[in-house]
Structure formats: C-alpha cells, structure tokens
Amino acid sequence: MSKNFELLYQMGKMPDVLQSDAKPALEVVPAADLSKSTPTLEIEGVARTEVTKLVHRLFLTGATDGPRHVVFSGTEMGNGCTWMCVRAAEILASQVGNSVCVVDCNLSSPSLHEQFGVENHYGLADALMGDGPIRQFARPLSRQNLWLVSCGATGADTQQLLASGRMRSRIAELRAEFDYVLLDVAPMNTSNHTMTFGSLLDGVVLVIKANTTRRDSAREAVQQLRASNVRVLGVVMNQRTFPIPESIYKRL
C-alpha cells in the first residue's frame, strides 16, 4: 500500500472540493511514508516524479504572474507539511537556475534543519533580533541555488516578533533577494501566522491529512484564509492510501 498526497485544487480554480459529494479536481502526488524516518533529501521513484508534478503545477506553469513566494501550512500538527515544503524546495531548485530559499517560520517547533541534516544555527530568530542583510542569515545547501534560513536561537519574546513590522521587513528582503521563497509555518490550529504570512506572500498551500483531518476543520481553514483575503493556491491531502500496490500504481 502506498502513502500518497493529492492536490485537491490550485491556482484560482476553486470548486468546493471539501463538500462531501465533490470529487478531487486534480490528483497529484504519491509521497514517502511519513511514519518511517526519511533520510535527508532522499526522494526517488514515484515520489520524486509526483512531487515534480506538484512543483510544476504550482510554480512552473509559465504564467508571468505565477506564485514564487509561498506559505506551506498544515491544519494541525503531524500533517507532513515540513516534509512537503522541503521536498518541494529541493525539487524546485533542481528544475530552475534561479535561487530558492526555504525558511523555518515555525519557531515553536522548528524542524527544517533536521530534514536537511544540518544544525539549527543563526537563522530567522536572529535576523528578527539583529541587523545585517537577510542573506547573512541564510546558509547554502547541497545545490548552489538552494538556501535555508533555519529557525535560529529562539527566546521568550521571539514568537511576538513574527507578527512585527520587523518580520514584514525581513519577508520583503526575502522576496527581493531570492527568486523563490517557501515558508514552513506553524499549523493553523496553533497560531494565526498562516494568515499573516499568506497576506504578505503569493498565497498558501494548505496540507491536510487523509483519515485524520476532519472535513469541517479543513473547510473552516479554507474559509478563514479566504476571509483574510489570502489566496489559497492548493489543498494537499497527505498520506492518502490507494488500495493498489505501488508497483501497479506507477504504471497508471
């Protein structure tokens, strides 16, 4: 049985796919089984192929006004949002020559650095409390065009800085400095940062989990984003189980 995720809608196509009688508008991605430990940036076979499709449909459509600066957020903890954000960034960097920066904005539970197998060192929290250009707080990764701004050293007042004018200034710097920016943000049921950052960037990719996220919760999350005038680029259903072996699914 393969674990999968599915892009339910995207890019301004807004059928209410969260209604009980609606069918997914677009089925996209078989991902890795998140119940197992995932070696750093190892994503092969069907998973790599399908994450590549996701990246192309979100970022590489050819539209001049397509999104380049995007928030990834889950409805609750454990949806696999960070895994998707990291893999999307890595695949995107492999597909373009432009600079790609992935930023850990989940200061209460940072984990982007773990996905890349590096230390949480001198990152976003330090940029919010200190001076210097934003690139000074970004570290290059294995690809020349892929950069990481990790969480950095958090303190008692760090969370408040995420809603400050200082944060808005740093986001403006990120947009100006890097061609593509992907923000990994705390789940919507723990903070309002998804709405805050989503209004400053090109939109939000919302991650929900099959057989775990309640339909009403997912619908409410989308409604909250729309009410805040935040563009919903896609809703991704993670760990959807297809009742066929992966070896057969790959041939479909």
# chains A, B, ... in the order shown; residues from 1 in each chain; ligands from 1
>>> residues_around(residues="Ser108 in chain A", least_positions_apart="4", cutoff="12 Å", atoms="only C-alpha atoms", output="list in words")
Met77, Asp104, Ala125, Cys151, Gly152, Ala153, Thr154, Gly155, Ala156, Asp157, Thr158, Gln159, Gln160, Leu162, Asp184, Val185, Ala186, Pro187, Thr190, Ser191 and His193 of chain A
>>> write_last_selection(atoms="C-alpha atoms", output="compact mmCIF listing (two decimals), in the first residue's frame")
# COMPACT_ATOMS: atom_id res chain seq x y z
CA MET A 77 0.50 19.10 13.78
CA ASP A 104 11.59 27.90 9.01
CA ALA A 125 15.02 34.46 15.05
CA CYS A 151 14.77 28.86 12.98
CA GLY A 152 17.82 30.17 14.82
CA ALA A 153 18.13 30.95 18.51
CA THR A 154 14.67 31.50 19.97
CA GLY A 155 13.84 33.30 23.17
CA ALA A 156 10.85 34.26 25.27
CA ASP A 157 9.90 37.17 23.00
CA THR A 158 10.73 35.59 19.65
CA GLN A 159 7.18 34.46 18.86
CA GLN A 160 5.91 38.02 19.18
CA LEU A 162 6.74 37.00 13.93
CA ASP A 184 7.20 26.49 6.55
CA VAL A 185 4.69 27.90 9.05
CA ALA A 186 3.16 26.62 12.29
CA PRO A 187 -0.18 24.78 11.88
CA THR A 190 -1.79 26.72 16.90
CA SER A 191 -1.33 30.25 15.52
CA HIS A 193 0.77 33.06 11.26
>>> residues_around(residues="Asn189 in chain A", least_positions_apart="2", cutoff="12 Å", atoms="only C-alpha atoms", output="ChimeraX atom specification")
/A:73-79,185-187,191-195,208,213,217-218,220-221,224
>>> closest_residue(among="A:Asp65, A:Glu173, A:Glu50, A:Glu90", to="Gln136 in chain A", atoms="only C-alpha atoms")
A:Glu173
>>> closest_residue(among="A:Ser94, A:Val71, A:Thr64, A:Val103", to="Arg48 in chain A", atoms="only C-alpha atoms")
A:Ser94
>>> atom_distance(atom1="CA of Leu146 in chain A", atom2="CA of Ser99 in chain A")
6.1 Å
>>> closest_residue(among="A:Met167, A:Leu174, A:Ala88, A:Leu225", to="Met129 in chain A", atoms="only C-alpha atoms")
A:Met167
>>> residues_around(residues="Phe137 in chain A", least_positions_apart="3", cutoff="8 Å", atoms="only C-alpha atoms", output="PyMOL selection string")
chain A and resi 122-124+126-127+133-134+149
>>> write_last_selection(atoms="N, CA and C atoms", output="mmCIF file, in the first residue's frame")
data_model
loop_
_atom_site.group_PDB
_atom_site.id
_atom_site.type_symbol
_atom_site.label_atom_id
_atom_site.label_comp_id
_atom_site.auth_asym_id
_atom_site.auth_seq_id
_atom_site.Cartn_x
_atom_site.Cartn_y
_atom_site.Cartn_z
ATOM 1 N N TYR A 122 21.884 30.246 13.655
ATOM 2 C CA TYR A 122 21.926 31.623 13.149
ATOM 3 C C TYR A 122 20.912 31.845 12.038
ATOM 4 N N GLY A 123 19.623 31.802 12.402
ATOM 5 C CA GLY A 123 18.584 31.855 11.391
ATOM 6 C C GLY A 123 17.594 32.990 11.576
ATOM 7 N N LEU A 124 16.307 32.672 11.371
ATOM 8 C CA LEU A 124 15.264 33.686 11.331
ATOM 9 C C LEU A 124 15.151 34.464 12.632
ATOM 10 N N ASP A 126 17.352 35.097 14.826
ATOM 11 C CA ASP A 126 18.492 36.008 14.942
ATOM 12 C C ASP A 126 18.330 37.200 14.007
ATOM 13 N N ALA A 127 17.769 36.946 12.813
ATOM 14 C CA ALA A 127 17.533 38.034 11.860
ATOM 15 C C ALA A 127 16.502 39.018 12.391
ATOM 16 N N PRO A 133 22.046 42.124 6.396
ATOM 17 C CA PRO A 133 21.182 41.672 5.290
ATOM 18 C C PRO A 133 20.689 40.257 5.530
ATOM 19 N N ILE A 134 19.517 39.931 4.966
ATOM 20 C CA ILE A 134 18.892 38.633 5.217
ATOM 21 C C ILE A 134 19.757 37.481 4.723
ATOM 22 N N VAL A 149 17.025 29.285 5.571
ATOM 23 C CA VAL A 149 17.017 30.136 6.763
ATOM 24 C C VAL A 149 16.366 29.305 7.856
#
>>> atom_distance(atom1="CA of Val55 in chain A", atom2="CA of Asp179 in chain A")
14.6 Å
>>> closest_residue(among="A:Leu200, A:Gly130, A:Ser150, A:Cys85", to="Glu114 in chain A", atoms="only C-alpha atoms")
A:Ser150
>>> closest_residue(among="A:Val232, A:Met237, A:Val70, A:Val51", to="Arg87 in chain A", atoms="only C-alpha atoms")
A:Val51
>>> select_by_dssp(residues="range 116-188 of chain A", states="strand (DSSP E)", output="MDAnalysis selection string")
chainID A and resid 139:140 146:149 180:185
>>> decode(residues="range 109-196 of chain A", atoms="C-alpha atoms", output="JSON list (two decimals), in the first residue's frame")
[["chain", "number", "residue", "atom", "x", "y", "z"],
["A", 109, "SER", "CA", 8.64, 23.55, 16.78],
["A", 110, "PRO", "CA", 11.45, 24.03, 14.22],
["A", 111, "SER", "CA", 12.44, 21.04, 12.09],
["A", 112, "LEU", "CA", 13.52, 22.22, 8.63],
["A", 113, "HIS", "CA", 17.18, 21.93, 9.59],
["A", 114, "GLU", "CA", 16.62, 18.31, 10.63],
["A", 115, "GLN", "CA", 15.16, 17.49, 7.22],
["A", 116, "PHE", "CA", 18.31, 18.85, 5.58],
["A", 117, "GLY", "CA", 20.60, 17.21, 8.13],
["A", 118, "VAL", "CA", 22.20, 20.46, 9.31],
["A", 119, "GLU", "CA", 22.35, 22.37, 12.58],
["A", 120, "ASN", "CA", 19.78, 24.94, 13.62],
["A", 121, "HIS", "CA", 22.20, 27.85, 13.54],
["A", 122, "TYR", "CA", 21.93, 31.62, 13.15],
["A", 123, "GLY", "CA", 18.58, 31.86, 11.39],
["A", 124, "LEU", "CA", 15.26, 33.69, 11.33],
["A", 125, "ALA", "CA", 15.02, 34.46, 15.05],
["A", 126, "ASP", "CA", 18.49, 36.01, 14.94],
["A", 127, "ALA", "CA", 17.53, 38.03, 11.86],
["A", 128, "LEU", "CA", 14.50, 39.38, 13.70],
["A", 129, "MET", "CA", 16.54, 40.39, 16.72],
["A", 130, "GLY", "CA", 19.65, 41.58, 14.90],
["A", 131, "ASP", "CA", 20.87, 43.60, 11.96],
["A", 132, "GLY", "CA", 22.52, 42.75, 8.68],
["A", 133, "PRO", "CA", 21.18, 41.67, 5.29],
["A", 134, "ILE", "CA", 18.89, 38.63, 5.22],
["A", 135, "ARG", "CA", 21.36, 36.60, 3.15],
["A", 136, "GLN", "CA", 23.71, 36.78, 6.11],
["A", 137, "PHE", "CA", 21.24, 34.55, 7.98],
["A", 138, "ALA", "CA", 20.79, 32.07, 5.09],
["A", 139, "ARG", "CA", 23.05, 29.10, 4.55],
["A", 140, "PRO", "CA", 23.71, 27.45, 1.18],
["A", 141, "LEU", "CA", 22.81, 23.78, 0.89],
["A", 142, "SER", "CA", 23.92, 21.00, -1.43],
["A", 143, "ARG", "CA", 22.65, 22.76, -4.54],
["A", 144, "GLN", "CA", 24.25, 26.08, -5.37],
["A", 145, "ASN", "CA", 20.86, 27.74, -5.80],
["A", 146, "LEU", "CA", 19.19, 26.27, -2.68],
["A", 147, "TRP", "CA", 19.33, 28.17, 0.60],
["A", 148, "LEU", "CA", 17.98, 27.61, 4.11],
["A", 149, "VAL", "CA", 17.02, 30.14, 6.76],
["A", 150, "SER", "CA", 16.65, 27.93, 9.82],
["A", 151, "CYS", "CA", 14.77, 28.86, 12.98],
["A", 152, "GLY", "CA", 17.82, 30.17, 14.82],
["A", 153, "ALA", "CA", 18.13, 30.95, 18.51],
["A", 154, "THR", "CA", 14.67, 31.50, 19.97],
["A", 155, "GLY", "CA", 13.84, 33.30, 23.17],
["A", 156, "ALA", "CA", 10.85, 34.26, 25.27],
["A", 157, "ASP", "CA", 9.90, 37.17, 23.00],
["A", 158, "THR", "CA", 10.73, 35.59, 19.65],
["A", 159, "GLN", "CA", 7.18, 34.46, 18.86],
["A", 160, "GLN", "CA", 5.91, 38.02, 19.18],
["A", 161, "LEU", "CA", 8.44, 39.16, 16.57],
["A", 162, "LEU", "CA", 6.74, 37.00, 13.93],
["A", 163, "ALA", "CA", 3.82, 39.45, 13.90],
["A", 164, "SER", "CA", 6.01, 42.55, 13.99],
["A", 165, "GLY", "CA", 6.96, 45.14, 11.42],
["A", 166, "ARG", "CA", 10.45, 43.67, 11.62],
["A", 167, "MET", "CA", 9.14, 40.37, 10.26],
["A", 168, "ARG", "CA", 7.34, 42.13, 7.43],
["A", 169, "SER", "CA", 10.59, 43.88, 6.58],
["A", 170, "ARG", "CA", 12.50, 40.59, 6.56],
["A", 171, "ILE", "CA", 9.88, 39.00, 4.29],
["A", 172, "ALA", "CA", 10.26, 41.91, 1.89],
["A", 173, "GLU", "CA", 14.01, 41.28, 1.90],
["A", 174, "LEU", "CA", 13.50, 37.59, 1.20],
["A", 175, "ARG", "CA", 11.24, 38.38, -1.75],
["A", 176, "ALA", "CA", 13.81, 40.80, -3.15],
["A", 177, "GLU", "CA", 16.86, 38.60, -2.52],
["A", 178, "PHE", "CA", 15.63, 35.18, -3.68],
["A", 179, "ASP", "CA", 13.68, 34.24, -6.79],
["A", 180, "TYR", "CA", 11.58, 31.63, -4.95],
["A", 181, "VAL", "CA", 10.76, 31.62, -1.23],
["A", 182, "LEU", "CA", 8.96, 28.77, 0.58],
["A", 183, "LEU", "CA", 7.92, 29.38, 4.19],
["A", 184, "ASP", "CA", 7.20, 26.49, 6.55],
["A", 185, "VAL", "CA", 4.69, 27.90, 9.05],
["A", 186, "ALA", "CA", 3.16, 26.62, 12.29],
["A", 187, "PRO", "CA", -0.18, 24.78, 11.88],
["A", 188, "MET", "CA", -3.32, 26.87, 11.70],
["A", 189, "ASN", "CA", -4.75, 25.40, 14.89],
["A", 190, "THR", "CA", -1.79, 26.72, 16.90],
["A", 191, "SER", "CA", -1.33, 30.25, 15.52],
["A", 192, "ASN", "CA", -2.60, 32.80, 13.02],
["A", 193, "HIS", "CA", 0.77, 33.06, 11.26],
["A", 194, "THR", "CA", -0.59, 31.37, 8.14],
["A", 195, "MET", "CA", -2.95, 34.29, 7.57],
["A", 196, "THR", "CA", -0.28, 36.85, 8.47]]
